[in-house]
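Raw final-v6.cif, mmCIF, C-alpha atoms:
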data_entry
#
loop_
_atom_site.label_atom_id
_atom_site.label_comp_id
_atom_site.auth_asym_id
_atom_site.auth_seq_id
_atom_site.Cartn_x
_atom_site.Cartn_y
_atom_site.Cartn_z
CA MET A 8 -43.48 -32.02 -22.70
CA ASP A 9 -44.07 -28.26 -22.40
CA THR A 10 -45.87 -28.73 -19.09
CA LEU A 11 -43.06 -30.90 -17.70
CA ILE A 12 -40.28 -28.51 -18.69
CA HIS A 13 -42.21 -25.47 -17.50
CA GLY A 14 -42.93 -27.20 -14.19
CA LEU A 15 -39.23 -27.95 -13.75
CA ARG A 16 -38.31 -24.35 -14.51
CA THR A 17 -41.02 -23.07 -12.16
CA GLY A 18 -39.47 -25.17 -9.41
CA ILE A 19 -36.10 -23.55 -10.08
CA GLU A 20 -37.77 -20.13 -9.92
CA TYR A 21 -39.20 -20.93 -6.49
CA GLY A 22 -35.76 -22.10 -5.36
CA MET A 23 -34.15 -18.87 -6.53
CA ALA A 24 -36.83 -16.57 -5.07
CA PRO A 25 -35.09 -16.16 -1.67
CA PHE A 26 -31.89 -15.05 -3.41
CA ASP A 27 -33.75 -12.35 -5.36
CA ALA A 28 -34.29 -10.46 -2.12
CA LEU A 29 -30.53 -10.01 -1.67
CA PRO A 30 -28.20 -7.56 -3.42
CA ALA A 31 -26.93 -9.00 -6.69
CA PHE A 32 -23.36 -9.60 -5.44
CA TRP A 33 -24.43 -11.57 -2.37
CA ALA A 34 -27.13 -13.44 -4.26
CA LEU A 35 -24.65 -14.55 -6.93
CA THR A 36 -22.02 -15.45 -4.33
CA LEU A 37 -24.43 -17.60 -2.32
CA LEU A 38 -25.86 -19.22 -5.44
CA SER A 39 -22.31 -20.02 -6.56
CA ALA A 40 -21.44 -21.61 -3.23
CA VAL A 41 -24.65 -23.66 -3.24
CA SER A 42 -23.90 -24.72 -6.83
CA GLY A 43 -20.46 -25.93 -5.78
CA ALA A 44 -21.88 -27.93 -2.87
CA PHE A 45 -24.55 -29.44 -5.12
CA MET A 46 -22.01 -30.43 -7.77
CA LEU A 47 -19.81 -32.01 -5.12
CA TRP A 48 -22.76 -33.97 -3.71
CA VAL A 49 -23.66 -35.29 -7.17
CA VAL A 50 -20.06 -36.32 -7.80
CA GLY A 51 -19.98 -38.17 -4.48
CA LYS A 52 -23.21 -40.04 -5.24
CA THR A 53 -22.60 -40.93 -8.90
CA THR A 54 -18.90 -41.81 -9.13
CA PRO A 55 -16.99 -44.85 -7.81
CA GLN A 56 -15.08 -42.94 -5.19
CA ARG A 57 -12.56 -45.70 -4.41
CA ARG A 58 -11.67 -46.06 -8.10
CA VAL A 59 -11.42 -42.29 -8.50
CA GLU A 60 -8.96 -42.21 -5.59
CA ILE A 61 -6.88 -45.02 -7.10
CA ALA A 62 -6.81 -43.30 -10.51
CA ARG A 63 -5.65 -40.05 -8.92
CA SER A 64 -2.88 -41.75 -6.94
CA ARG A 65 -1.68 -43.68 -10.00
CA MET A 66 -1.56 -40.48 -12.08
CA ALA A 67 0.43 -38.77 -9.34
CA SER A 68 2.86 -41.68 -9.05
CA ALA A 69 3.44 -41.64 -12.82
CA ILE A 70 4.24 -37.91 -12.68
CA TYR A 71 6.68 -38.42 -9.78
CA GLU A 72 8.30 -41.31 -11.66
CA MET A 73 8.92 -39.11 -14.71
CA ARG A 74 10.57 -36.49 -12.52
CA LEU A 75 12.72 -39.05 -10.70
CA PHE A 76 14.01 -40.91 -13.76
CA LEU A 77 14.88 -38.10 -16.16
CA ASP A 78 18.00 -40.02 -17.25
CA SER A 79 15.96 -43.04 -18.39
CA PRO A 80 13.99 -42.26 -21.57
CA GLY A 81 12.34 -45.68 -21.64
CA ARG A 82 11.10 -45.28 -18.08
CA ILE A 83 9.75 -41.82 -18.89
CA VAL A 84 7.83 -43.12 -21.93
CA ARG A 85 6.27 -45.93 -19.88
CA SER A 86 5.35 -43.47 -17.13
CA GLN A 87 3.71 -41.17 -19.65
CA ALA A 88 1.71 -44.08 -21.05
CA ARG A 89 0.51 -45.04 -17.57
CA MET A 90 -0.40 -41.45 -16.80
CA LEU A 91 -2.48 -41.20 -19.97
CA ALA A 92 -4.19 -44.52 -19.30
CA TRP A 93 -5.12 -43.55 -15.76
CA SER A 94 -6.18 -40.09 -16.94
CA PHE A 95 -8.67 -41.68 -19.31
CA ALA A 96 -9.85 -43.95 -16.52
CA TYR A 97 -10.33 -40.95 -14.23
CA ILE A 98 -12.37 -39.13 -16.88
CA GLY A 99 -14.47 -42.25 -17.39
CA TYR A 100 -15.19 -42.50 -13.67
CA MET A 101 -16.20 -38.83 -13.49
CA LEU A 102 -18.24 -38.82 -16.71
CA PRO A 103 -21.57 -39.95 -15.16
CA ALA A 104 -21.50 -36.96 -12.81
CA PHE A 105 -20.79 -34.56 -15.68
CA VAL A 106 -23.70 -35.99 -17.69
CA ILE A 107 -26.13 -35.83 -14.78
CA LEU A 108 -25.12 -32.25 -13.95
CA THR A 109 -25.63 -30.99 -17.51
CA LEU A 110 -29.40 -30.47 -17.24
CA PRO A 111 -29.69 -28.86 -13.78
CA LEU A 112 -26.68 -26.60 -14.29
CA GLY A 113 -27.84 -25.67 -17.79
CA LEU A 114 -31.28 -24.70 -16.49
CA LEU A 115 -29.72 -22.83 -13.59
CA PHE A 116 -27.53 -20.93 -16.05
CA VAL A 117 -30.46 -19.65 -18.12
CA HIS A 118 -32.28 -18.50 -14.98
CA MET A 119 -29.18 -16.73 -13.73
CA GLU A 120 -28.48 -15.16 -17.14
CA ALA A 121 -31.99 -13.69 -17.09
CA ARG A 122 -31.10 -12.05 -13.78
CA TYR A 123 -27.44 -11.08 -14.06
CA GLY A 124 -26.64 -11.05 -17.77
CA GLN A 125 -29.67 -9.31 -19.27
CA GLY A 126 -30.62 -5.68 -18.66
CA PRO A 127 -34.06 -4.04 -18.96
CA LEU A 128 -35.39 -2.89 -22.30
CA PRO A 129 -34.68 0.77 -23.11
CA THR A 130 -37.43 3.37 -23.07
CA GLY A 131 -38.00 5.99 -25.73
CA VAL A 132 -36.24 4.10 -28.52
CA PRO A 133 -37.59 1.53 -31.00
CA ILE A 134 -37.40 -2.16 -30.12
CA VAL A 135 -38.13 -5.11 -32.40
CA ILE A 136 -40.30 -8.04 -31.35
CA ALA A 137 -39.61 -11.08 -33.53
CA VAL A 138 -42.46 -13.58 -33.93
CA SER A 139 -41.06 -16.84 -35.32
CA MET A 140 -43.62 -19.13 -36.92
CA GLU A 141 -43.49 -22.86 -37.42
CA PRO A 142 -42.96 -24.18 -40.99
CA GLY A 143 -46.10 -23.83 -43.08
CA ALA A 144 -47.78 -21.34 -40.73
CA ASP A 145 -49.59 -18.32 -42.19
CA LEU A 146 -47.46 -15.24 -41.56
CA SER A 147 -50.22 -12.93 -42.76
CA SER A 148 -52.30 -13.87 -39.70
CA VAL A 149 -49.79 -12.23 -37.32
CA ALA A 150 -50.29 -8.62 -36.27
CA PRO A 151 -49.84 -6.55 -33.12
CA GLY A 152 -52.84 -6.20 -30.84
CA GLU A 153 -53.90 -3.11 -28.94
CA PRO A 154 -50.76 -2.10 -27.01
CA PRO A 155 -51.00 -1.41 -23.29
CA ALA A 156 -50.56 2.03 -21.79
CA GLY A 157 -46.94 3.12 -22.03
CA VAL A 158 -46.21 1.15 -25.22
CA ARG A 159 -46.62 2.28 -28.84
CA VAL A 160 -46.51 0.17 -31.99
CA THR A 161 -44.67 2.38 -34.46
CA ALA A 162 -44.72 0.44 -37.75
CA PRO A 163 -46.78 -2.14 -39.63
CA PRO A 164 -45.68 -5.78 -39.31
CA LEU A 165 -42.71 -6.75 -41.46
CA ARG A 166 -43.06 -10.30 -42.74
CA VAL A 167 -39.80 -12.04 -43.63
CA LEU A 168 -41.10 -14.96 -45.65
CA ASP A 169 -37.81 -16.82 -46.20
CA GLU A 170 -37.11 -16.78 -42.44
CA GLY A 171 -40.67 -17.51 -41.31
CA ARG A 172 -40.68 -14.47 -39.03
CA VAL A 173 -42.84 -11.42 -38.46
CA LEU A 174 -41.09 -8.35 -37.04
CA LEU A 175 -43.05 -5.87 -34.92
CA ARG A 176 -41.60 -2.49 -33.99
CA ALA A 177 -42.62 -0.71 -30.81
CA VAL A 178 -41.48 1.98 -28.39
CA ILE A 179 -41.80 1.73 -24.62
CA ASP A 180 -42.57 5.19 -23.25
CA GLN A 181 -42.92 4.32 -19.57
CA PRO A 182 -40.59 2.16 -17.46
CA GLY A 183 -42.21 -0.94 -16.08
CA THR A 184 -43.32 -4.41 -17.13
CA HIS A 185 -45.84 -4.45 -19.97
CA ALA A 186 -47.77 -7.24 -21.72
CA LEU A 187 -47.87 -6.67 -25.48
CA PRO A 188 -50.68 -8.61 -27.21
CA VAL A 189 -49.91 -10.32 -30.51
CA ARG A 190 -52.82 -11.44 -32.70
CA VAL A 191 -52.51 -14.74 -34.54
CA GLY A 192 -55.68 -15.05 -36.54
CA ASP A 193 -58.56 -14.87 -34.05
CA ALA A 194 -56.35 -15.76 -31.08
CA VAL A 195 -54.21 -13.46 -28.95
CA VAL A 196 -50.98 -14.25 -27.11
CA GLU A 197 -48.95 -11.87 -24.98
CA LYS A 198 -45.24 -11.11 -24.76
CA ARG A 199 -43.89 -9.61 -21.57
CA LEU A 200 -41.74 -6.53 -22.12
CA VAL A 201 -39.55 -5.77 -19.10
CA ALA A 202 -38.37 -2.16 -19.02
CA ASP A 203 -38.20 -1.88 -15.25
CA PRO A 204 -34.70 -1.10 -13.91
CA ALA A 205 -35.72 -2.61 -10.55
CA ALA A 206 -36.90 -5.94 -12.05
CA THR A 207 -35.02 -8.99 -10.82
CA GLU A 208 -35.50 -11.04 -14.00
CA MET A 209 -35.74 -10.24 -17.70
CA ASN A 210 -37.86 -12.14 -20.23
CA PRO A 211 -36.24 -11.96 -23.68
CA GLU A 212 -38.10 -14.95 -25.17
CA ARG A 213 -41.37 -16.81 -24.90
CA CYS A 214 -41.45 -20.10 -26.76
CA ARG A 215 -42.55 -23.71 -26.66
CA GLY A 216 -41.13 -27.22 -27.06
CA THR A 217 -37.47 -27.97 -26.47
CA CYS A 218 -36.74 -24.23 -26.81
CA LEU A 219 -38.00 -23.96 -23.22
CA LEU A 220 -34.81 -25.65 -22.03
CA ALA A 221 -32.60 -22.79 -23.23
CA SER A 222 -34.88 -19.73 -23.27
CA TYR A 223 -34.29 -16.92 -20.80
CA GLY A 224 -37.13 -15.83 -18.54
CA ASP A 225 -40.06 -17.54 -16.84
CA GLU A 226 -43.01 -16.86 -19.15
CA ALA A 227 -45.50 -19.67 -19.70
CA PRO A 228 -45.07 -21.78 -22.87
CA LEU A 229 -46.82 -20.58 -26.00
CA PRO A 230 -49.99 -22.44 -26.99
CA GLY A 231 -49.14 -25.22 -29.40
CA ALA A 232 -52.11 -24.83 -31.74
CA LEU A 233 -51.28 -21.34 -33.00
CA GLY A 234 -48.23 -22.21 -35.07
CA VAL A 235 -46.04 -19.74 -33.16
CA ALA A 236 -42.61 -21.14 -32.28
CA SER A 237 -41.32 -18.16 -30.29
CA ILE A 238 -41.75 -14.46 -29.58
CA ALA A 239 -38.49 -12.76 -28.73
CA VAL A 240 -37.09 -9.32 -28.04
CA GLU A 241 -33.40 -8.55 -27.65
CA HIS A 242 -32.40 -7.14 -24.27
CA PRO A 243 -29.21 -5.15 -23.76
CA ALA A 244 -26.45 -6.63 -21.65
CA ALA A 245 -26.75 -5.88 -17.96
CA ASP A 246 -24.30 -3.64 -16.15
CA GLN A 247 -21.98 -6.07 -14.37
CA ALA A 248 -19.67 -3.53 -12.77
CA TRP A 249 -20.56 -5.03 -9.39
CA VAL A 250 -18.92 -8.38 -10.28
CA PRO A 251 -15.39 -8.58 -8.74
CA LEU A 252 -12.32 -8.19 -10.95
CA GLY A 253 -14.43 -7.04 -13.89
CA MET A 254 -15.21 -10.64 -14.88
CA PRO A 255 -18.57 -11.69 -16.37
CA TRP A 256 -21.08 -13.07 -13.89
CA TRP A 257 -20.79 -16.64 -15.18
CA ALA A 258 -17.00 -16.66 -14.69
CA TYR A 259 -17.46 -15.53 -11.08
CA TRP A 260 -20.14 -18.22 -10.67
CA LEU A 261 -17.79 -20.96 -11.88
CA LEU A 262 -14.87 -19.61 -9.81
CA VAL A 263 -16.77 -19.47 -6.52
CA ALA A 264 -18.49 -22.82 -7.20
CA THR A 265 -15.09 -24.45 -7.80
CA VAL A 266 -13.58 -22.92 -4.67
CA ALA A 267 -16.60 -24.03 -2.63
CA ALA A 268 -16.37 -27.58 -4.00
CA LEU A 269 -12.67 -27.79 -3.19
CA ALA A 270 -13.22 -26.39 0.30
CA LEU A 271 -16.04 -28.84 1.04
CA ARG A 272 -14.55 -32.01 -0.42
CA ARG A 273 -13.09 -33.20 2.89
CA PRO A 274 -16.06 -32.28 5.12
CA MET A 275 -18.34 -34.03 2.61
CA ASN A 276 -15.85 -36.90 2.14
CA VAL A 277 -15.78 -36.67 -1.66
CA THR A 278 -12.75 -37.39 -3.83
CA LEU A 279 -12.32 -35.23 -6.92
#
Do you think you could lay out the structure here as structure tokens?
Amino acid sequence: MDTLIHGLRTGIEYGMAPFDALPAFWALTLLSAVSGAFMLWVVGKTTPQRRVEIARSRMASAIYEMRLFLDSPGRIVRSQARMLAWSFAYIGYMLPAFVILTLPLGLLFVHMEARYGQGPLPTGVPIVIAVSMEPGADLSSVAPGEPPAGVRVTAPPLRVLDEGRVLLRAVIDQPGTHALPVRVGDAVVEKRLVADPAATEMNPERCRGTCLLASYGDEAPLPGALGVASIAVEHPAADQAWVPLGMPWWAYWLLVATVAALALRRPMNVTL
């Protein structure tokens, strides 16, 4: 399962690589437009387009009927009932597309959040690396390894037994991307610490299992035999002053994707 999910996410990374060469605003704008076109294509392929068109026209006719017969309460009630019935039918016709889009858009979101929503780790101040262990794992076996140049471990491990976590405190002295080793018994795993302001992608969490579907970053899955569920470090929020109208990046993504889908619905012959 880990290999399959990681392979899928690696494919998304390759697909996003060309956009990483662009300024953030243009990369996000183009990704949003492509997202809208992709969503529209999925809708066109997975929904009964003729039935969707009929449902839309019947909803519109019910609305017009309510406006035309304001002096007939019975007619208005029947029109409202028809509008609700056709609204439910419309949602039912569109539901397969929504379900199919959940996974690719969800994965795309976490890759975009790692680029546009997360900022680099700070330098010169303490950061906490949280090592979450699986139930029953030995927390006493977890300790920091020899840190790389530019990183200092500043405190002994803090083991939170009731939470199954080991907290490591460190300070990054030099900007850049560093690999911090974590010892688990005789084995060693690494956690990438991104403190490079020029980095295109942050890596807040390295994990395994279904966590890979929602974790930010592109690090390889953790080995399954060590009993480590995840290794995470909290990144600050990225500066999003470049996003128009002061909105968060994901709101701009949804806005542009929606506009692109509406603009392309006739050229692509898709009814929404």
Contacts of range 53-66 of chain A within 10 Å, only C-alpha atoms, excl. fewer than 6 positions in-chain, as a PDB file with C-alpha atoms, keeping the file's coordinate frame:
ATOM      1  CA  GLU A  72       8.300 -41.310 -11.660  1.00  0.00           C
ATOM      2  CA  SER A  86       5.350 -43.470 -17.130  1.00  0.00           C
ATOM      3  CA  GLN A  87       3.710 -41.170 -19.650  1.00  0.00           C
ATOM      4  CA  ARG A  89       0.510 -45.040 -17.570  1.00  0.00           C
ATOM      5  CA  MET A  90      -0.400 -41.450 -16.800  1.00  0.00           C
ATOM      6  CA  LEU A  91      -2.480 -41.200 -19.970  1.00  0.00           C
ATOM      7  CA  ALA A  92      -4.190 -44.520 -19.300  1.00  0.00           C
ATOM      8  CA  TRP A  93      -5.120 -43.550 -15.760  1.00  0.00           C
ATOM      9  CA  SER A  94      -6.180 -40.090 -16.940  1.00  0.00           C
ATOM     10  CA  PHE A  95      -8.670 -41.680 -19.310  1.00  0.00           C
ATOM     11  CA  ALA A  96      -9.850 -43.950 -16.520  1.00  0.00           C
ATOM     12  CA  TYR A  97     -10.330 -40.950 -14.230  1.00  0.00           C
ATOM     13  CA  ILE A  98     -12.370 -39.130 -16.880  1.00  0.00           C
ATOM     14  CA  GLY A  99     -14.470 -42.250 -17.390  1.00  0.00           C
ATOM     15  CA  TYR A 100     -15.190 -42.500 -13.670  1.00  0.00           C
ATOM     16  CA  MET A 101     -16.200 -38.830 -13.490  1.00  0.00           C
ATOM     17  CA  LEU A 102     -18.240 -38.820 -16.710  1.00  0.00           C
ATOM     18  CA  PRO A 103     -21.570 -39.950 -15.160  1.00  0.00           C
ATOM     19  CA  ALA A 104     -21.500 -36.960 -12.810  1.00  0.00           C
ATOM     20  CA  PHE A 105     -20.790 -34.560 -15.680  1.00  0.00           C
ATOM     21  CA  ILE A 107     -26.130 -35.830 -14.780  1.00  0.00           C
ATOM     22  CA  ASN A 276     -15.850 -36.900   2.140  1.00  0.00           C
ATOM     23  CA  VAL A 277     -15.780 -36.670  -1.660  1.00  0.00           C
ATOM     24  CA  THR A 278     -12.750 -37.390  -3.830  1.00  0.00           C
ATOM     25  CA  LEU A 279     -12.320 -35.230  -6.920  1.00  0.00           C
TER      26      LEU A 279
END
Item to check | Gly126 in chain A surroundings by only C-alpha atoms, 9 Å radius, close-in-sequence under 4 positions cut, as JSON, numbers by chain | outcome: {"A": [121, 122, 201, 202, 204, 208, 209, 242, 243, 244, 245, 246]}
Checklist entry - How would you write, as an MDAnalysis selection string, the residues chosen by the PyMOL selection byres ((chain A and resi 255-265) around 7) on this structure? => result chainID A and resid 35:36 39:40 42:43 123 247 250 253:254 266:269
Next on the checklist: Which residue is closest to Leu110 in chain A? Choose from A:Ile12, A:Ala248, A:Leu128, A:Val50 and count only C-alpha atoms.
Outcome noted: A:Ile12
Item to check | Atomic distance CA of Arg176 in chain A - CA of Glu120 in chain A, expressed in Å with one decimal | outcome: 24.8 Å
Next on the checklist: Could you tell me, as a ChimeraX atom specification, exactly which residues end up selected when the PyMOL selection byres ((chain A and resi 224) around 7) is applied to this structure?
Outcome noted: /A:118,121,208-212,222-223,225-226
Checklist entry - Skipping near chain neighbours, those fewer than 3 positions away, what residues fall within 8 Å of range 183-190 of chain A using all atoms listed in the file, listed as a ChimeraX atom specification? => result /A:148-155,157-158,193-204
Checklist entry - From the set A:Met275, A:Met119, A:Val49, A:Val132, which residue has the shortest atom-to-atom contact distance to Ala34 in chain A, counting all atoms listed in the file? => result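 Nearest to Ala34 in chain A: A:Met119.
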Checklist entry - What residues come out when you apply the PyMOL selection byres ((chain A and resi 227) around 10) to this file, written as a PyMOL selection string? => result chain A and resi 9-10+13-14+17+198+213-215+219+224-226+228-230
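Residues lying within 9 Å of Leu233 in chain A, counting only C-alpha atoms and ignoring same-chain neighbours fewer than 5 positions away, are Met140, Ala144, Val191, Gly192 and Ala194 of chain A.
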Checklist entry - For the atom pair CA of Ile134 in chain A and CA of Val240 in chain A, what is the interatomic distance in Å to one decimal place? => result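 According to the coordinates, CA of Ile134 in chain A and CA of Val240 in chain A are separated by 7.5 Å.
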Item to check | Atomic distance CA of Ala205 in chain A - CA of Phe32 in chain A, expressed in Å with one decimal | outcome: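 Going from CA of Ala205 in chain A over to CA of Phe32 in chain A covers 15.1 Å.
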Checklist entry - Pick the closest to Ser139 in chain A from A:Val167, A:Ala206, A:Leu271, A:Leu77: which is it, counting all atoms listed in the file? => result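 For Ser139 in chain A, the nearest of the given residues is A:Val167.
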Item to check | Expected answer as a PyMOL selection string: all residues with atoms within 9 Å of (-41.0, -7.5, -39.9), all atoms listed in the file | outcome: chain A and resi 135-138+163-167+172-176
Expected file contents, prior selection, C-alpha atoms, as a PDB file, in the coordinates of the input:
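Written out: selection_18.pdb:
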ATOM      1  CA  VAL A 135     -38.130  -5.110 -32.400  1.00  0.00           C
ATOM      2  CA  ILE A 136     -40.300  -8.040 -31.350  1.00  0.00           C
ATOM      3  CA  ALA A 137     -39.610 -11.080 -33.530  1.00  0.00           C
ATOM      4  CA  VAL A 138     -42.460 -13.580 -33.930  1.00  0.00           C
ATOM      5  CA  PRO A 163     -46.780  -2.140 -39.630  1.00  0.00           C
ATOM      6  CA  PRO A 164     -45.680  -5.780 -39.310  1.00  0.00           C
ATOM      7  CA  LEU A 165     -42.710  -6.750 -41.460  1.00  0.00           C
ATOM      8  CA  ARG A 166     -43.060 -10.300 -42.740  1.00  0.00           C
ATOM      9  CA  VAL A 167     -39.800 -12.040 -43.630  1.00  0.00           C
ATOM     10  CA  ARG A 172     -40.680 -14.470 -39.030  1.00  0.00           C
ATOM     11  CA  VAL A 173     -42.840 -11.420 -38.460  1.00  0.00           C
ATOM     12  CA  LEU A 174     -41.090  -8.350 -37.040  1.00  0.00           C
ATOM     13  CA  LEU A 175     -43.050  -5.870 -34.920  1.00  0.00           C
ATOM     14  CA  ARG A 176     -41.600  -2.490 -33.990  1.00  0.00           C
TER      15      ARG A 176
END
Next on the checklist: From the options A:Pro182, A:Pro111, A:Gly81, A:Pro142, which residue's atoms come nearest to Leu168 in chain A, counting only C-alpha atoms?
Outcome noted: A:Pro142
Checklist outcome for this item: Shortest contact to Ala44 in chain A, candidates A:Ile19, A:Ala177, A:Ala24, A:Ala270, atoms counted all atoms listed in the file, goes to A:Ala270
What would range 140-170 of chain A look like if you wrote it out as a PDB file, in the first residue's frame, with C-alpha atoms included, from the block I just posted?
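In the end it all went to part-v9.pdb:
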ATOM      1  CA  MET A 140       5.193   5.606  17.608  1.00  0.00           C
ATOM      2  CA  GLU A 141       2.726   2.851  16.887  1.00  0.00           C
ATOM      3  CA  PRO A 142       0.820   1.324  19.854  1.00  0.00           C
ATOM      4  CA  GLY A 143       3.044  -0.961  21.887  1.00  0.00           C
ATOM      5  CA  ALA A 144       6.308   0.369  20.434  1.00  0.00           C
ATOM      6  CA  ASP A 145       9.251   1.031  22.764  1.00  0.00           C
ATOM      7  CA  LEU A 146       9.613   4.793  23.192  1.00  0.00           C
ATOM      8  CA  SER A 147      12.914   4.393  25.031  1.00  0.00           C
ATOM      9  CA  SER A 148      14.530   3.174  21.802  1.00  0.00           C
ATOM     10  CA  VAL A 149      14.061   6.569  20.109  1.00  0.00           C
ATOM     11  CA  ALA A 150      16.844   9.143  20.272  1.00  0.00           C
ATOM     12  CA  PRO A 151      18.371  11.744  17.966  1.00  0.00           C
ATOM     13  CA  GLY A 152      21.333  10.672  15.866  1.00  0.00           C
ATOM     14  CA  GLU A 153      24.398  12.722  15.051  1.00  0.00           C
ATOM     15  CA  PRO A 154      22.970  15.956  13.590  1.00  0.00           C
ATOM     16  CA  PRO A 155      24.298  17.258  10.288  1.00  0.00           C
ATOM     17  CA  ALA A 156      26.347  20.420   9.983  1.00  0.00           C
ATOM     18  CA  GLY A 157      24.175  23.454  10.623  1.00  0.00           C
ATOM     19  CA  VAL A 158      21.791  21.677  13.012  1.00  0.00           C
ATOM     20  CA  ARG A 159      22.101  21.303  16.802  1.00  0.00           C
ATOM     21  CA  VAL A 160      20.117  19.029  19.104  1.00  0.00           C
ATOM     22  CA  THR A 161      19.562  21.179  22.190  1.00  0.00           C
ATOM     23  CA  ALA A 162      17.790  18.894  24.673  1.00  0.00           C
ATOM     24  CA  PRO A 163      17.437  15.223  25.591  1.00  0.00           C
ATOM     25  CA  PRO A 164      14.435  13.366  24.134  1.00  0.00           C
ATOM     26  CA  LEU A 165      11.143  14.010  25.907  1.00  0.00           C
ATOM     27  CA  ARG A 166       9.006  10.875  25.965  1.00  0.00           C
ATOM     28  CA  VAL A 167       5.266  11.471  26.301  1.00  0.00           C
ATOM     29  CA  LEU A 168       4.093   8.001  27.255  1.00  0.00           C
ATOM     30  CA  ASP A 169       0.326   8.606  27.228  1.00  0.00           C
ATOM     31  CA  GLU A 170       0.543  10.050  23.694  1.00  0.00           C
TER      32      GLU A 170
END
